[in-house]
Structure formats: C-alpha cells, structure tokens
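Undergrad: Next up, entry_38.pdb (PDB, C-alpha atoms).
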```
MODEL        1
ATOM      1  CA  MET A 649       0.000   0.000   0.000
ATOM      2  CA  GLU A 650       2.846   2.407   0.849
ATOM      3  CA  LEU A 651       4.520   1.721  -2.504
ATOM      4  CA  ARG A 652       1.256   2.387  -4.348
ATOM      5  CA  ASN A 653       0.754   5.652  -2.454
ATOM      6  CA  ASN A 654       4.313   6.770  -3.252
ATOM      7  CA  ILE A 655       3.861   5.986  -6.957
ATOM      8  CA  VAL A 656       0.587   7.940  -7.048
ATOM      9  CA  THR A 657       2.244  10.871  -5.268
ATOM     10  CA  ILE A 658       5.205  10.929  -7.642
ATOM     11  CA  GLY A 659       2.937  10.623 -10.668
ATOM     12  CA  PHE A 660       0.661  13.430  -9.526
ATOM     13  CA  ALA A 661       3.500  15.699  -8.442
ATOM     14  CA  ALA A 662       5.453  15.168 -11.651
ATOM     15  CA  HIS A 663       2.565  15.799 -14.017
ATOM     16  CA  ASP A 664       0.992  18.622 -12.020
ATOM     17  CA  THR A 665       4.200  20.626 -11.699
ATOM     18  CA  THR A 666       5.321  19.894 -15.270
ATOM     19  CA  SER A 667       1.943  20.995 -16.622
ATOM     20  CA  ALA A 668       2.321  24.233 -14.628
ATOM     21  CA  LEU A 669       5.814  24.666 -16.128
ATOM     22  CA  LEU A 670       4.493  24.075 -19.651
ATOM     23  CA  SER A 671       1.570  26.470 -19.166
ATOM     24  CA  SER A 672       3.917  29.187 -17.926
ATOM     25  CA  ALA A 673       6.386  28.507 -20.753
ATOM     26  CA  LEU A 674       3.650  28.831 -23.385
ATOM     27  CA  PHE A 675       2.507  32.075 -21.754
ATOM     28  CA  VAL A 676       6.066  33.458 -21.885
ATOM     29  CA  LEU A 677       6.601  32.336 -25.495
ATOM     30  CA  GLY A 678       3.330  33.985 -26.488
ATOM     31  CA  LYS A 679       4.142  37.178 -24.618
ATOM     32  CA  TYR A 680       7.700  37.536 -25.943
ATOM     33  CA  PRO A 681       7.774  36.771 -29.694
ATOM     34  CA  HIS A 682      11.553  37.351 -29.914
ATOM     35  CA  ILE A 683      12.171  34.652 -27.289
ATOM     36  CA  GLN A 684       9.744  32.350 -29.076
ATOM     37  CA  GLN A 685      11.551  32.904 -32.374
ATOM     38  CA  LEU A 686      14.971  32.100 -30.871
ATOM     39  CA  ALA A 687      13.592  28.927 -29.290
ATOM     40  CA  ARG A 688      11.748  27.940 -32.467
ATOM     41  CA  ASP A 689      14.821  28.526 -34.646
ATOM     42  CA  GLU A 690      16.856  26.289 -32.339
ATOM     43  CA  VAL A 691      14.183  23.564 -32.433
ATOM     44  CA  LEU A 692      13.950  23.682 -36.230
ATOM     45  CA  ASN A 693      17.737  23.583 -36.519
ATOM     46  CA  VAL A 694      17.917  20.459 -34.338
ATOM     47  CA  LEU A 695      14.722  18.630 -35.357
ATOM     48  CA  GLY A 696      14.284  19.852 -38.926
ATOM     49  CA  ASP A 697      11.434  21.822 -40.441
ATOM     50  CA  PHE A 698       9.728  19.123 -42.501
ATOM     51  CA  LYS A 699       6.036  18.296 -42.003
ATOM     52  CA  GLY A 700       4.976  15.829 -39.336
ATOM     53  CA  ASP A 701       5.707  15.137 -35.710
ATOM     54  CA  VAL A 702       9.199  14.491 -34.438
ATOM     55  CA  VAL A 703       9.840  13.286 -30.902
ATOM     56  CA  PRO A 704      13.264  14.594 -29.872
ATOM     57  CA  THR A 705      15.776  11.954 -28.832
ATOM     58  CA  PRO A 706      17.861  12.446 -25.682
ATOM     59  CA  GLU A 707      20.783  13.501 -27.901
ATOM     60  CA  GLN A 708      18.619  16.074 -29.701
ATOM     61  CA  GLN A 709      17.375  17.384 -26.347
ATOM     62  CA  ARG A 710      20.981  17.989 -25.283
ATOM     63  CA  ASN A 711      21.284  20.172 -28.380
ATOM     64  CA  LEU A 712      18.495  22.500 -27.233
ATOM     65  CA  PRO A 713      20.411  24.741 -24.794
ATOM     66  CA  TYR A 714      18.352  27.881 -25.410
ATOM     67  CA  LEU A 715      15.076  26.035 -24.850
ATOM     68  CA  THR A 716      16.563  24.674 -21.611
ATOM     69  CA  CYS A 717      17.517  28.217 -20.569
ATOM     70  CA  VAL A 718      13.972  29.380 -21.296
ATOM     71  CA  LEU A 719      12.567  26.589 -19.127
ATOM     72  CA  LYS A 720      14.937  27.453 -16.278
ATOM     73  CA  GLU A 721      14.041  31.135 -16.411
ATOM     74  CA  VAL A 722      10.343  30.193 -16.517
ATOM     75  CA  LEU A 723      10.928  28.178 -13.335
ATOM     76  CA  ARG A 724      12.616  31.195 -11.740
ATOM     77  CA  VAL A 725       9.867  33.649 -12.683
ATOM     78  CA  TYR A 726       6.917  31.250 -12.258
ATOM     79  CA  PRO A 727       8.000  28.478  -9.874
ATOM     80  CA  SER A 728       5.672  25.482  -9.969
ATOM     81  CA  VAL A 729       5.873  25.274  -6.181
ATOM     82  CA  SER A 730       5.936  28.441  -4.059
ATOM     83  CA  TYR A 731       6.879  27.001  -0.689
ATOM     84  CA  GLY A 732       8.828  23.987   0.404
ATOM     85  CA  VAL A 733      10.991  22.534   3.134
ATOM     86  CA  PHE A 734       9.248  23.323   6.389
ATOM     87  CA  ARG A 735      11.092  22.711   9.653
ATOM     88  CA  ARG A 736      10.282  23.268  13.306
ATOM     89  CA  CYS A 737      13.016  25.038  15.287
ATOM     90  CA  ARG A 738      14.581  22.925  18.040
ATOM     91  CA  GLU A 739      16.081  25.914  19.850
ATOM     92  CA  ASP A 740      15.925  29.707  19.964
ATOM     93  CA  PHE A 741      18.165  31.475  17.447
ATOM     94  CA  PHE A 742      18.711  34.762  15.617
ATOM     95  CA  LEU A 743      18.216  34.869  11.851
ATOM     96  CA  GLY A 744      20.129  36.962   9.320
ATOM     97  CA  LYS A 745      21.894  40.305   9.493
ATOM     98  CA  GLU A 746      18.842  41.819  11.135
ATOM     99  CA  ARG A 747      19.195  39.318  13.995
ATOM    100  CA  LEU A 748      15.498  38.446  13.916
ATOM    101  CA  PHE A 749      14.692  36.361  16.996
ATOM    102  CA  VAL A 750      13.109  32.977  16.185
ATOM    103  CA  PRO A 751      11.840  31.130  19.261
ATOM    104  CA  LYS A 752      12.090  27.389  19.750
ATOM    105  CA  GLY A 753       9.063  25.593  18.288
ATOM    106  CA  SER A 754       8.560  28.089  15.428
ATOM    107  CA  LEU A 755       7.731  26.656  12.022
ATOM    108  CA  LEU A 756       9.977  28.002   9.258
ATOM    109  CA  GLY A 757       9.555  27.460   5.530
ATOM    110  CA  LEU A 758      11.642  28.293   2.506
ATOM    111  CA  HIS A 759       9.754  30.617   0.161
ATOM    112  CA  TYR A 760      10.971  29.743  -3.339
ATOM    113  CA  TRP A 761       9.149  32.642  -4.963
ATOM    114  CA  GLY A 762      10.920  35.070  -2.638
ATOM    115  CA  ALA A 763      14.308  33.478  -3.342
ATOM    116  CA  HIS A 764      13.721  33.638  -7.099
ATOM    117  CA  TYR A 765      12.875  37.341  -6.859
ATOM    118  CA  ASP A 766      15.803  38.314  -4.622
ATOM    119  CA  ALA A 767      17.343  41.356  -6.338
ATOM    120  CA  ALA A 768      20.631  40.717  -4.538
ATOM    121  CA  GLN A 769      20.937  37.402  -6.417
ATOM    122  CA  TRP A 770      19.245  38.236  -9.720
ATOM    123  CA  PRO A 771      20.053  41.403 -11.708
ATOM    124  CA  ASN A 772      16.932  42.952 -13.288
ATOM    125  CA  VAL A 773      14.901  40.508 -11.248
ATOM    126  CA  HIS A 774      11.536  41.398 -12.820
ATOM    127  CA  GLU A 775      12.703  40.928 -16.411
ATOM    128  CA  PHE A 776      12.409  37.605 -18.198
ATOM    129  CA  ASP A 777      15.968  36.886 -19.299
ATOM    130  CA  ALA A 778      16.756  33.341 -20.399
ATOM    131  CA  SER A 779      20.377  34.362 -20.980
ATOM    132  CA  ARG A 780      20.920  34.247 -17.186
ATOM    133  CA  PHE A 781      21.451  30.521 -17.639
ATOM    134  CA  GLU A 782      23.245  30.381 -21.004
ATOM    135  CA  ASN A 783      26.788  30.030 -19.686
ATOM    136  CA  ASP A 784      25.924  27.300 -17.246
ATOM    137  CA  ILE A 785      23.118  24.981 -18.278
ATOM    138  CA  SER A 786      23.591  23.052 -15.028
ATOM    139  CA  VAL A 787      22.941  26.288 -13.077
ATOM    140  CA  ASP A 788      25.747  25.489 -10.606
ATOM    141  CA  SER A 789      27.126  29.029 -10.843
ATOM    142  CA  ILE A 790      23.760  30.510  -9.853
ATOM    143  CA  VAL A 791      23.265  28.091  -6.986
ATOM    144  CA  SER A 792      26.746  28.812  -5.639
ATOM    145  CA  LYS A 793      25.789  32.481  -5.111
ATOM    146  CA  SER A 794      23.470  31.284  -2.401
ATOM    147  CA  SER A 795      22.327  27.759  -1.735
ATOM    148  CA  SER A 796      18.738  28.918  -2.089
ATOM    149  CA  ALA A 797      18.975  31.412  -4.989
ATOM    150  CA  TRP A 798      17.323  29.058  -7.507
ATOM    151  CA  MET A 799      15.509  26.016  -6.219
ATOM    152  CA  PRO A 800      12.613  25.042  -8.488
ATOM    153  CA  PHE A 801      13.127  21.392  -7.514
ATOM    154  CA  SER A 802      14.185  22.061  -3.906
ATOM    155  CA  GLY A 803      17.761  21.103  -3.117
ATOM    156  CA  GLY A 804      20.142  18.921  -1.225
ATOM    157  CA  ILE A 805      19.157  15.442  -0.128
ATOM    158  CA  ARG A 806      15.476  16.301  -0.420
ATOM    159  CA  SER A 807      15.594  17.583  -3.991
ATOM    160  CA  CYS A 808      12.966  16.396  -6.423
ATOM    161  CA  ILE A 809      13.756  12.980  -7.858
ATOM    162  CA  GLY A 810      11.748  13.863 -10.946
ATOM    163  CA  ALA A 811      13.702  16.977 -12.012
ATOM    164  CA  THR A 812      15.475  15.272 -14.914
ATOM    165  CA  PHE A 813      12.211  13.712 -16.067
ATOM    166  CA  ALA A 814      10.446  17.090 -15.811
ATOM    167  CA  TYR A 815      13.043  18.781 -18.048
ATOM    168  CA  ALA A 816      12.925  15.935 -20.569
ATOM    169  CA  GLU A 817       9.125  15.994 -20.650
ATOM    170  CA  ALA A 818       8.928  19.788 -20.912
ATOM    171  CA  ARG A 819      11.614  19.998 -23.624
ATOM    172  CA  THR A 820       9.898  17.232 -25.608
ATOM    173  CA  VAL A 821       6.468  18.858 -25.478
ATOM    174  CA  LEU A 822       7.733  22.387 -26.195
ATOM    175  CA  ALA A 823      10.005  21.275 -29.024
ATOM    176  CA  MET A 824       7.178  19.340 -30.670
ATOM    177  CA  PHE A 825       4.802  22.274 -30.161
ATOM    178  CA  LEU A 826       7.213  24.891 -31.524
ATOM    179  CA  ARG A 827       7.864  22.886 -34.696
ATOM    180  CA  ASN A 828       4.217  23.184 -35.695
ATOM    181  CA  ARG A 829       2.622  26.004 -33.699
ATOM    182  CA  ARG A 830       3.294  29.554 -32.570
ATOM    183  CA  PRO A 831       1.802  30.514 -29.206
ATOM    184  CA  ARG A 832       0.040  33.880 -29.127
ATOM    185  CA  PRO A 833      -1.134  36.069 -26.252
ATOM    186  CA  SER A 834      -4.444  35.120 -24.682
ATOM    187  CA  GLY A 835      -7.493  35.864 -26.780
ATOM    188  CA  THR A 836      -5.838  35.325 -30.151
ATOM    189  CA  PRO A 837      -5.941  32.022 -32.042
ATOM    190  CA  THR A 838      -2.786  29.922 -32.228
ATOM    191  CA  PRO A 839      -2.508  29.158 -35.942
ATOM    192  CA  ALA A 840      -0.678  26.183 -37.387
ATOM    193  CA  VAL A 841       2.626  27.049 -38.982
ATOM    194  CA  PRO A 842       2.172  27.144 -42.782
TER     195      PRO A 842
ENDMDL
END
```
Take the structure I supplied and represent it as structure tokens, if you would.
TA:
Amino acid sequence: MELRNNIVTIGFAAHDTTSALLSSALFVLGKYPHIQQLARDEVLNVLGDFKGDVVPTPEQQRNLPYLTCVLKEVLRVYPSVSYGVFRRCREDFFLGKERLFVPKGSLLGLHYWGAHYDAAQWPNVHEFDASRFENDISVDSIVSKSSSAWMPFSGGIRSCIGATFAYAEARTVLAMFLRNRRPRPSGTPTPAVP
C-alpha cells in the first residue's frame, strides 16, 4: 500500500508541476515573440522543419540549450511550487543580518518565490531573461551564489527525484509544439505554422 501511495504521489507531483511549467512557458513564449523565435529557430535547426511530428531523442534534447535556458528562467519567474521545506526550530536562534529572533518551536519554511525574486541574487529581477542561464546549463554558478537562490526542484538530499524527467518531458512537449505552432497572447488564435 505504501509503494502504491508513493507511486501515485510521484505521478501526480510530476505531471501537475510539469503541466504548470508548460503552461507558464507557453505564456512566456506567447508574450515575448523574440524569445519564441529564438527557441523555435533552435528547435527547427535540431529537429528539422519538414512536415509531421518528431519526438526529440535524448541527444537532440541535449542540443536544445536555449530552450533549456527558457525553461529554467520560466521556473525562476513562475515556480511550480511556491513554498517547500518546512522545519520546526529545536532551539531559539537569531536569523540573518537583522538578527530576527526565532523562538524554539517556530515553524519556518523556505519561500521559493521570494528566493527567485531576490534582487541581490538576480540582476533585473523582474525581467524575463533566459540568458541568465546560457553560460551554465547546469545552473551550478547561480546556486553557488546562495544555496537557495534558484531552487525550483528544492535542493540537497530532499531535492525532487523527478527533475530530470520534468526537463525531458517539458523539452519534448515544447520542441514538438514549436515545430508546428506559434503561441500567441491570450485571446488570439494559435494558428498552425504554414
């Protein structure tokens, strides 16, 4: 029974958060046509521009760095999960430069949205800029600024076991979509590519 419950939880969590990622990515691509065009050009270069569906192979997915950067910036701007990692304090302590007193027994949680919008970590924090990730697809350089600067899949020993699957699924769906469609802002039809 426990195994079944864990499988259901993983399945729900993976598809729910990935669908949120894809929805946000389509919104961004519709809102910023220049970003959409760069991503679409990369997809067509890797997958070809002939008619019909093409499911990208793992090798082809590795050759979609800009699309990966777009997905990572989408996860920064629109994290699929806002809060995570809650812990109860075992003893009194003072937090941060401000020396905020936190009494024993307090419940603390990491606010991902707040971390992803920390202007001290992210220049031009309110701008969508996929190039933040272009020099380091693994994002290690961003994470090293602060262990909680970018945590769309949590971090450490409790990080999401489905992160790799989520990227593969999102890249596959977006690449297939961008080969044949062009997202538009809400209220306008999304025509097939001629």
Undergrad: To test your reading of the syntax: which residues would the PyMOL selection byres ((chain A and resi 683) around 12) return for the file shown? Reply as a count of residues only.
TA: 31
Undergrad: Skipping near chain neighbours, those fewer than 6 positions away, what residues fall within 10 Å of A:Val821 using all atoms listed in the file, listed as a list of chain:residue names?
TA: A:Leu670, A:Val703, A:Pro704, A:Tyr815
Undergrad: Between atom CA of A:His764 and atom CA of A:Pro727, what distance in Å does the model show, to one decimal?
TA: 8.2 Å
Undergrad: Go ahead and fit an axis-aligned box to every listed atom of stretch 760-771 of chain A plus 3 Å each side, and pass me the centre and edge lengths in Å, one decimal, as JSON.
TA:
```
{"center_x": 15.0, "center_y": 35.6, "center_z": -7.2, "size_x": 17.8, "size_y": 17.7, "size_z": 15.1}
```
Undergrad: Using atom CA of A:Val733 and atom CA of A:Glu817 as the two end points, give the distance in Å to one decimal.
TA: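 Going from atom CA of A:Val733 over to atom CA of A:Glu817, I get 24.7 Å.
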Undergrad: Between A:Arg735, A:Arg832, A:Arg827, A:Lys720, which is the closest to A:Lys699 once you count all atoms listed in the file?
TA: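 Of A:Arg735, A:Arg832, A:Arg827, A:Lys720, the one nearest A:Lys699 is A:Arg827, counting all atoms listed in the file.
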Undergrad: Of the residues A:Ser796, A:Thr716, A:Gln709, A:Asn783, which is the one nearest to A:Ala763, using only C-alpha atoms?
TA: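 Among A:Ser796, A:Thr716, A:Gln709, A:Asn783, it is A:Ser796 that comes nearest to A:Ala763.
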Undergrad: On this structure, the PyMOL selection byres ((chain A and resi 812) around 12) would catch which residues? List them as a count of residues only, sorted by chain and number.
TA: 19
Undergrad: How many Å separate atom CA of A:His759 from atom CA of A:Val773?
TA: 16.0 Å
Undergrad: Could you give me, as a VMD selection string, the residues that sit within 10 Å of (16.2, 15.0, -31.5) in the file's coordinates, counting all atoms listed in the file?
TA: chain A and resid 691 694 to 696 702 to 712 820 823
Undergrad: Please evaluate the PyMOL selection byres ((chain A and resi 756) around 12) against the structure above and give the resulting residues as a VMD selection string.
TA: chain A and resid 731 to 738 743 750 to 755 757 to 759
Undergrad: Nearest to A:Ser802 among A:Arg747, A:Met824, A:Ser728, A:Tyr765, with distances taken over all atoms listed in the file: which residue is it?
TA: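 Nearest candidate to A:Ser802 out of A:Arg747, A:Met824, A:Ser728, A:Tyr765: A:Ser728.
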